[in-house]
Each structure stands twice: as C-alpha cells, then as structure tokens.
>>> print(open('work_18.txt').read())   # compact mmCIF, C-alpha atoms
# COMPACT_ATOMS: atom_id res chain seq x y z
CA MET A 338 20.07 -0.74 -8.50
CA GLU A 339 21.10 2.85 -7.86
CA THR A 340 21.94 4.97 -10.91
CA GLU A 341 23.38 8.44 -10.49
CA VAL A 342 25.50 11.10 -12.17
CA LYS A 343 28.41 12.76 -10.38
CA LEU A 344 29.52 16.20 -11.59
CA ALA A 345 32.60 17.96 -10.19
CA PHE A 346 32.75 21.77 -9.99
CA LYS A 347 35.92 23.88 -9.85
CA ASP A 348 35.01 25.69 -6.61
CA ARG A 349 32.29 26.46 -4.08
CA GLU A 350 31.14 29.62 -5.86
CA SER A 351 30.61 27.77 -9.11
CA LEU A 352 28.66 24.97 -7.42
CA PHE A 353 26.32 27.16 -5.42
CA SER A 354 25.82 29.60 -8.28
CA ALA A 355 24.48 26.69 -10.33
CA ALA A 356 22.19 25.55 -7.50
CA SER A 357 20.74 29.04 -7.05
CA SER A 358 20.30 29.81 -10.76
CA ASP A 359 16.89 30.26 -12.36
CA TRP A 360 17.59 27.58 -14.95
CA PHE A 361 18.30 25.01 -12.19
CA LYS A 362 15.40 26.06 -9.97
CA SER A 363 12.99 25.86 -12.91
CA HIS A 364 13.45 22.06 -12.84
CA CYS A 365 13.12 21.70 -9.06
CA VAL A 366 9.87 20.45 -7.58
CA SER A 367 10.80 22.30 -4.36
CA THR A 368 13.55 24.84 -3.65
CA ASP A 369 13.09 25.07 0.13
CA SER A 370 15.50 22.32 1.12
CA GLU A 371 17.51 22.81 4.33
CA PRO A 372 21.18 21.71 4.31
CA LEU A 373 22.34 18.82 6.48
CA THR A 374 25.82 17.90 7.66
CA LEU A 375 26.82 14.36 6.67
CA GLU A 376 29.68 12.61 8.48
CA ASN A 377 30.80 9.45 6.70
CA CYS A 378 32.86 6.66 8.25
CA TYR A 379 33.87 3.90 5.83
CA LEU A 380 34.25 0.52 7.49
CA ASP A 381 36.23 -2.61 6.72
CA THR A 382 38.05 -5.51 8.33
CA ALA A 383 41.74 -5.16 9.21
CA ASP A 384 42.72 -7.24 6.18
CA GLY A 385 40.45 -5.32 3.76
CA LEU A 386 38.06 -8.21 3.17
CA LEU A 387 35.11 -6.04 2.11
CA ARG A 388 37.20 -4.07 -0.37
CA SER A 389 38.57 -7.29 -1.83
CA ARG A 390 34.96 -8.30 -2.54
CA GLY A 391 34.19 -4.98 -4.22
CA ALA A 392 32.11 -3.75 -1.29
CA VAL A 393 31.87 -0.37 0.38
CA PHE A 394 30.36 -0.35 3.88
CA ARG A 395 29.54 3.07 5.34
CA LYS A 396 28.14 4.57 8.53
CA ARG A 397 26.62 8.01 7.93
CA HIS A 398 25.63 10.51 10.64
CA PHE A 399 23.08 13.15 9.65
CA THR A 400 22.83 16.38 11.68
CA GLY A 401 21.20 19.78 11.19
CA GLY A 402 17.70 21.13 10.82
CA GLY A 403 16.47 19.20 13.84
CA THR A 404 17.90 15.95 12.43
CA ASP A 405 20.26 13.62 14.35
CA SER A 406 20.24 10.14 12.84
CA TYR A 407 22.44 7.35 11.52
CA GLU A 408 22.32 5.10 8.47
CA PHE A 409 24.41 2.12 7.42
CA THR A 410 24.92 1.48 3.71
CA ALA A 411 26.47 -1.36 1.74
CA LYS A 412 27.37 -0.77 -1.90
CA CYS A 413 28.77 -2.76 -4.77
CA VAL A 414 29.77 -0.97 -7.97
CA VAL A 415 28.39 -2.43 -11.20
CA ALA A 416 29.65 0.13 -13.73
CA VAL A 417 31.02 3.68 -14.01
CA THR A 418 30.96 5.44 -17.37
CA ALA A 419 31.51 9.15 -18.01
CA GLY A 420 30.24 10.18 -14.61
CA VAL A 421 27.27 7.77 -14.57
CA HIS A 422 27.54 5.39 -11.60
CA GLU A 423 25.50 2.18 -11.39
CA ARG A 424 25.65 0.04 -8.28
CA TYR A 425 23.79 -2.21 -5.92
CA GLU A 426 22.94 -0.39 -2.70
CA TRP A 427 21.27 -1.31 0.60
CA ASN A 428 20.42 1.27 3.29
CA VAL A 429 19.33 0.66 6.90
CA LYS A 430 18.54 3.32 9.50
CA SER A 431 20.13 3.05 12.96
CA GLU A 432 19.08 4.78 16.17
CA ASP A 433 22.49 4.82 17.84
CA GLY A 434 25.05 4.21 15.09
CA ALA A 435 26.21 0.93 16.65
CA ILE A 436 27.43 -1.72 14.21
CA ASP A 437 25.06 -4.70 13.89
CA ILE A 438 25.96 -6.75 10.81
CA GLU A 439 23.29 -9.42 11.28
CA GLY A 440 20.61 -6.81 11.99
CA PHE A 441 21.70 -4.90 8.91
CA LYS A 442 21.51 -8.00 6.73
CA ALA A 443 18.07 -8.97 8.05
CA LYS A 444 16.61 -5.60 7.06
CA ALA A 445 18.65 -4.98 3.91
CA MET A 446 17.85 -8.36 2.35
CA LYS A 447 14.18 -7.37 2.21
CA GLN A 448 15.06 -4.48 -0.11
CA VAL A 449 14.95 -4.48 -3.89
CA ASP A 450 18.57 -5.22 -4.83
CA ASP A 451 19.75 -8.83 -5.09
CA PRO A 452 20.10 -10.30 -1.56
CA LYS A 453 22.54 -12.93 -2.85
CA VAL A 454 25.01 -10.18 -3.76
CA LEU A 455 24.72 -8.68 -0.28
CA GLU A 456 25.14 -12.10 1.34
CA ARG A 457 28.34 -12.64 -0.63
CA LEU A 458 29.73 -9.21 0.30
CA LEU A 459 29.16 -9.65 4.06
CA GLU A 460 29.65 -13.41 4.38
CA GLY A 461 31.66 -14.34 7.47
CA VAL A 462 31.97 -10.73 8.68
CA SER A 463 30.94 -10.01 12.29
CA ASP A 464 30.64 -6.82 14.32
CA GLY A 465 34.00 -7.26 16.03
CA ASP A 466 35.80 -7.58 12.70
CA ILE A 467 34.83 -4.09 11.54
CA GLY A 468 36.72 -0.84 12.13
CA VAL A 469 36.88 2.67 10.65
CA LEU A 470 39.00 2.79 7.53
CA CYS A 471 38.67 6.49 6.63
CA SER A 472 36.20 9.37 6.94
CA ASN A 473 34.95 12.64 5.46
CA ASP A 474 32.26 15.20 6.15
CA PHE A 475 30.34 17.65 4.01
CA GLU A 476 27.23 19.77 3.81
CA ARG A 477 24.44 18.49 1.57
CA THR A 478 21.42 20.31 0.21
CA THR A 479 18.91 18.10 -1.58
CA TYR A 480 16.28 18.97 -4.19
CA GLU A 481 13.71 17.01 -6.19
CA PHE A 482 14.69 17.66 -9.79
CA ARG A 483 12.56 16.92 -12.85
CA TYR A 484 14.00 16.56 -16.31
CA GLY A 485 12.09 15.17 -19.27
CA GLU A 486 9.74 12.53 -17.93
CA SER A 487 12.00 11.60 -15.02
CA LEU A 488 12.33 12.49 -11.34
CA MET A 489 15.80 12.79 -9.81
CA GLU A 490 17.31 13.71 -6.47
CA ALA A 491 19.82 16.52 -6.91
CA CYS A 492 22.38 16.72 -4.09
CA ILE A 493 24.68 19.72 -3.70
CA ASP A 494 27.71 18.53 -1.70
CA TYR A 495 30.51 20.69 -0.33
CA GLY A 496 33.05 19.73 2.32
CA GLY A 497 36.46 18.25 3.02
CA ILE A 498 38.42 15.02 2.91
CA LYS A 499 40.92 14.67 5.74
CA ASP A 500 44.16 12.73 5.96
CA LEU A 501 45.13 10.68 9.00
CA THR A 502 46.35 13.78 10.86
CA GLY A 503 42.96 15.47 10.48
CA LYS A 504 44.24 17.97 7.91
CA ILE A 505 41.92 18.74 4.98
CA CYS A 506 43.74 17.53 1.89
CA ASP A 507 41.00 17.48 -0.75
CA ILE A 508 37.70 19.26 -1.32
CA ILE A 509 34.30 17.72 -2.01
CA CYS A 510 32.63 20.08 -4.48
CA GLU A 511 30.10 18.22 -6.57
CA MET A 512 26.53 17.68 -7.62
CA GLU A 513 24.92 14.24 -7.66
CA LEU A 514 21.82 13.44 -9.69
CA GLU A 515 20.22 10.17 -8.59
CA LEU A 516 17.53 8.70 -10.81
CA MET A 517 14.41 8.08 -8.71
CA GLU A 518 11.81 7.49 -11.45
CA GLY A 519 12.22 7.44 -15.21
CA SER A 520 14.93 6.72 -17.76
CA LEU A 521 18.70 6.71 -18.08
CA GLU A 522 18.23 8.82 -21.24
CA ASP A 523 16.69 11.62 -19.16
CA LEU A 524 19.49 11.34 -16.62
CA GLU A 525 22.09 11.67 -19.37
CA ALA A 526 20.18 14.62 -20.83
CA ALA A 527 20.08 16.33 -17.42
CA LYS A 528 23.83 15.82 -17.10
CA SER A 529 24.41 17.48 -20.47
CA PHE A 530 21.99 20.28 -19.60
CA ILE A 531 23.90 21.16 -16.42
CA MET A 532 27.33 20.80 -18.01
CA SER A 533 26.37 23.15 -20.86
CA ARG A 534 25.64 25.93 -18.35
CA THR A 535 28.49 25.44 -15.87
CA ASP A 536 32.12 24.39 -15.53
CA ALA A 537 31.01 20.97 -14.25
CA VAL A 538 32.71 17.83 -15.58
CA PRO A 539 31.74 14.15 -15.19
CA PHE A 540 33.39 12.58 -12.16
CA ASP A 541 34.11 8.84 -12.10
CA THR A 542 35.81 8.73 -8.69
CA GLY A 543 33.49 8.40 -5.72
CA LYS A 544 33.92 9.94 -2.27
CA PHE A 545 35.05 6.63 -0.78
CA GLU A 546 37.87 6.14 -3.28
CA ARG A 547 39.11 9.71 -2.80
CA THR A 548 38.93 9.47 0.99
CA LEU A 549 40.71 6.11 1.06
CA ARG A 550 43.46 7.47 -1.19
CA ALA A 551 44.00 10.37 1.22
CA SER A 552 44.14 8.05 4.23
CA VAL A 553 46.81 5.78 2.75
CA SER A 554 48.92 8.45 1.04
CA GLY A 555 49.21 10.92 3.90
CA GLY A 556 47.17 13.48 1.98
CA ALA A 557 48.80 13.23 -1.46
CA VAL A 558 45.74 12.91 -3.68
>>> encode(input="work_18.txt", output="structure tokens")
Amino acid sequence: METEVKLAFKDRESLFSAASSDWFKSHCVSTDSEPLTLENCYLDTADGLLRSRGAVFRKRHFTGGGTDSYEFTAKCVVAVTAGVHERYEWNVKSEDGAIDIEGFKAKAMKQVDDPKVLERLLEGVSDGDIGVLCSNDFERTTYEFRYGESLMEACIDYGGIKDLTGKICDIICEMELELMEGSLEDLEAAKSFIMSRTDAVPFDTGKFERTLRASVSGGAV
C-alpha cells in the first residue's frame, strides 16, 4: 500500500523557495538530488475498461542525469482524504518501454500489494487492447525527508498538462511526500509543518485525473 501526501503550491517560485529553504533542508537526509524529466503516458482500452475497474495504468519515461529508463505502474485508489492518498501500487521496470501485460503481471504479482486486486484490474486485457489515453511531463527533484520517527520521499514536481492539441492548459506545481518507513501520524505532521510555512494546500486530485480532464475537455480544466 502506498501512502502519500500531495500539496499544491500557487506558483513555481513558491514551490522551489520551499524546497531550498533551511527549514526544509534541515529535514533532508541528502540535498544533492539531481532533477529528472518524467514523461507520463496513461494507458487504457478503447472502451475505458481499466478506468471502469478503478485502475490507472501508466508508462513513465525517466530522462536526465545520465538516466534513460522506463517503468510501468498499475494503481488502484483506496482512499483520499485531505491530501492524503492511499492506494495499491505495482511498479515494473522496462528496458524499451514496450507494453507487455503478462510480463508486467508476472513481476508485479511478486510484490507486496495484494496480487488478487491486480489480477482483477488487468483480467482479460492484452497488449493489443491498450492505447495512450492522455499524457503529461514534468521535472522532478527527489529528497529523502525525515520527520519525527519516519522516513519519507519528498518529490518536487513542476511541469505542464497538455490538451489534445499539445497546448499546455494546466500546470503541475506540487510537492509529494511518500511514506517509506514510519507512521501516518508523522506524515500528517509533516504535511502540517510544510503548510504552516508556505502557501501549500492539500490536493486531492491526482495528475492522472487532471490530465484526463484536460484531454476530454479540450483544455478546460
């Protein structure tokens, strides 16, 4: 189960000012992280079968800092409350970014989250059924962040969501705190700590939902 906080910032200056502040850095295990560019393609069948099952299936391309790699991810939301997102999640690396549903399932089902949930989400779906539904790209800088007795991954994300014409119609300007080790209480406390020092607000809408909305509304988000 993945548990993370999403915090939205009003603009790029506000987001990066927070990430470079002494109060933020004082909780970072390391502050030497190099930004990567993340290109996300969200995948589904033509009739929206995965969405109807509550699934998000994503291909992510990482570039920058000597990195050029792909990862496929399947997600299923469990709960979203005041910016705290809980979901099942399975991640599998890919050398070439080619879709391989059965290969993905074989590797993902060995991971921690319930394999029966994953089987239900992808049941009857084959490689040829899948196409790109919508996409976005953004720059991400990642830090190890300690708060209380817990270790979190702090991701600073800035980029754009494009409509079907390729025009940027919404901005990704947020911080994610993913709980790696420790307690939900520490995660909530870290959220409050950051909010008390910035203009950040809890964000219940994920990147997929915002990107899908842009793709089906012609950019009216």
>>> residues_around(input="work_18.txt", residues="Gly465 of chain A", least_positions_apart="4", cutoff="12 Å", atoms="all atoms listed in the file", output="number ranges by chain")
A: 380-383, 435-439, 461, 469
>>> atom_distance(input="work_18.txt", atom1="atom CA of Lys504 of chain A", atom2="atom CA of Asp348 of chain A")
18.9 Å
>>> residues_around(input="work_18.txt", residues="Gly391 of chain A", least_positions_apart="4", cutoff="9 Å", atoms="all atoms listed in the file", output="PyMOL selection string")
chain A and resi 386-387+412-414+458
>>> closest_residue(input="work_18.txt", among="A:Cys471, A:Ile509, A:Leu521, A:Val393", to="Glu341 of chain A", atoms="all atoms listed in the file")
A:Leu521
>>> residues_around(input="work_18.txt", residues="Met489 of chain A", least_positions_apart="6", cutoff="8 Å", atoms="all atoms listed in the file", output="short mmCIF file (atom, residue, chain, number, x, y, z; two decimals) with C-alpha atoms, in the coordinates of the input")
data_model
loop_
_atom_site.label_atom_id
_atom_site.label_comp_id
_atom_site.auth_asym_id
_atom_site.auth_seq_id
_atom_site.Cartn_x
_atom_site.Cartn_y
_atom_site.Cartn_z
CA GLU A 481 13.71 17.01 -6.19
CA PHE A 482 14.69 17.66 -9.79
CA ARG A 483 12.56 16.92 -12.85
CA LEU A 514 21.82 13.44 -9.69
CA GLU A 515 20.22 10.17 -8.59
CA LEU A 516 17.53 8.70 -10.81
CA MET A 517 14.41 8.08 -8.71
CA GLU A 518 11.81 7.49 -11.45
CA LEU A 524 19.49 11.34 -16.62
#
>>> closest_residue(input="work_18.txt", among="A:Thr340, A:Gly402, A:Asp494, A:Ile531", to="Ala416 of chain A", atoms="only C-alpha atoms")
A:Thr340
>>> residues_near_point(input="work_18.txt", point="(18.9, 13.8, -3.4)", cutoff="6 Å", atoms="all atoms listed in the file", output="short mmCIF file (atom, residue, chain, number, x, y, z; two decimals) with C-alpha atoms, in the frame of the given file")
data_model
loop_
_atom_site.label_atom_id
_atom_site.label_comp_id
_atom_site.auth_asym_id
_atom_site.auth_seq_id
_atom_site.Cartn_x
_atom_site.Cartn_y
_atom_site.Cartn_z
CA THR A 479 18.91 18.10 -1.58
CA TYR A 480 16.28 18.97 -4.19
CA GLU A 490 17.31 13.71 -6.47
CA ALA A 491 19.82 16.52 -6.91
CA CYS A 492 22.38 16.72 -4.09
#
>>> atom_distance(input="work_18.txt", atom1="atom CA of Phe409 of chain A", atom2="atom CA of Trp427 of chain A")
8.3 Å
>>> closest_residue(input="work_18.txt", among="A:Glu376, A:Glu546, A:Glu525, A:Glu426", to="Tyr407 of chain A", atoms="all atoms listed in the file")
A:Glu376
>>> atom_distance(input="work_18.txt", atom1="atom CA of Ser358 of chain A", atom2="atom CA of Gly496 of chain A")
20.9 Å
>>> residues_around(input="work_18.txt", residues="Arg397 of chain A", least_positions_apart="2", cutoff="9 Å", atoms="only C-alpha atoms", output="compact mmCIF listing (two decimals) with C-alpha atoms, in the frame of the given file")
# COMPACT_ATOMS: atom_id res chain seq x y z
CA LEU A 375 26.82 14.36 6.67
CA GLU A 376 29.68 12.61 8.48
CA ASN A 377 30.80 9.45 6.70
CA CYS A 378 32.86 6.66 8.25
CA TYR A 379 33.87 3.90 5.83
CA ARG A 395 29.54 3.07 5.34
CA PHE A 399 23.08 13.15 9.65
CA SER A 406 20.24 10.14 12.84
CA TYR A 407 22.44 7.35 11.52
CA GLU A 408 22.32 5.10 8.47
CA PHE A 409 24.41 2.12 7.42
CA THR A 410 24.92 1.48 3.71
CA GLY A 434 25.05 4.21 15.09
>>> residues_near_point(input="work_18.txt", point="(20.9, 22.2, -2.9)", cutoff="10 Å", atoms="only C-alpha atoms", output="number ranges by chain")
A: 352-353, 355-357, 362, 365, 368-372, 476-481, 490-494, 512
>>> closest_residue(input="work_18.txt", among="A:Val421, A:Val538, A:Leu373, A:Ala345", to="Glu522 of chain A", atoms="only C-alpha atoms")
A:Val421
>>> closest_residue(input="work_18.txt", among="A:Gly385, A:Tyr484, A:Ser351, A:Ser367", to="Ser529 of chain A", atoms="all atoms listed in the file")
A:Tyr484
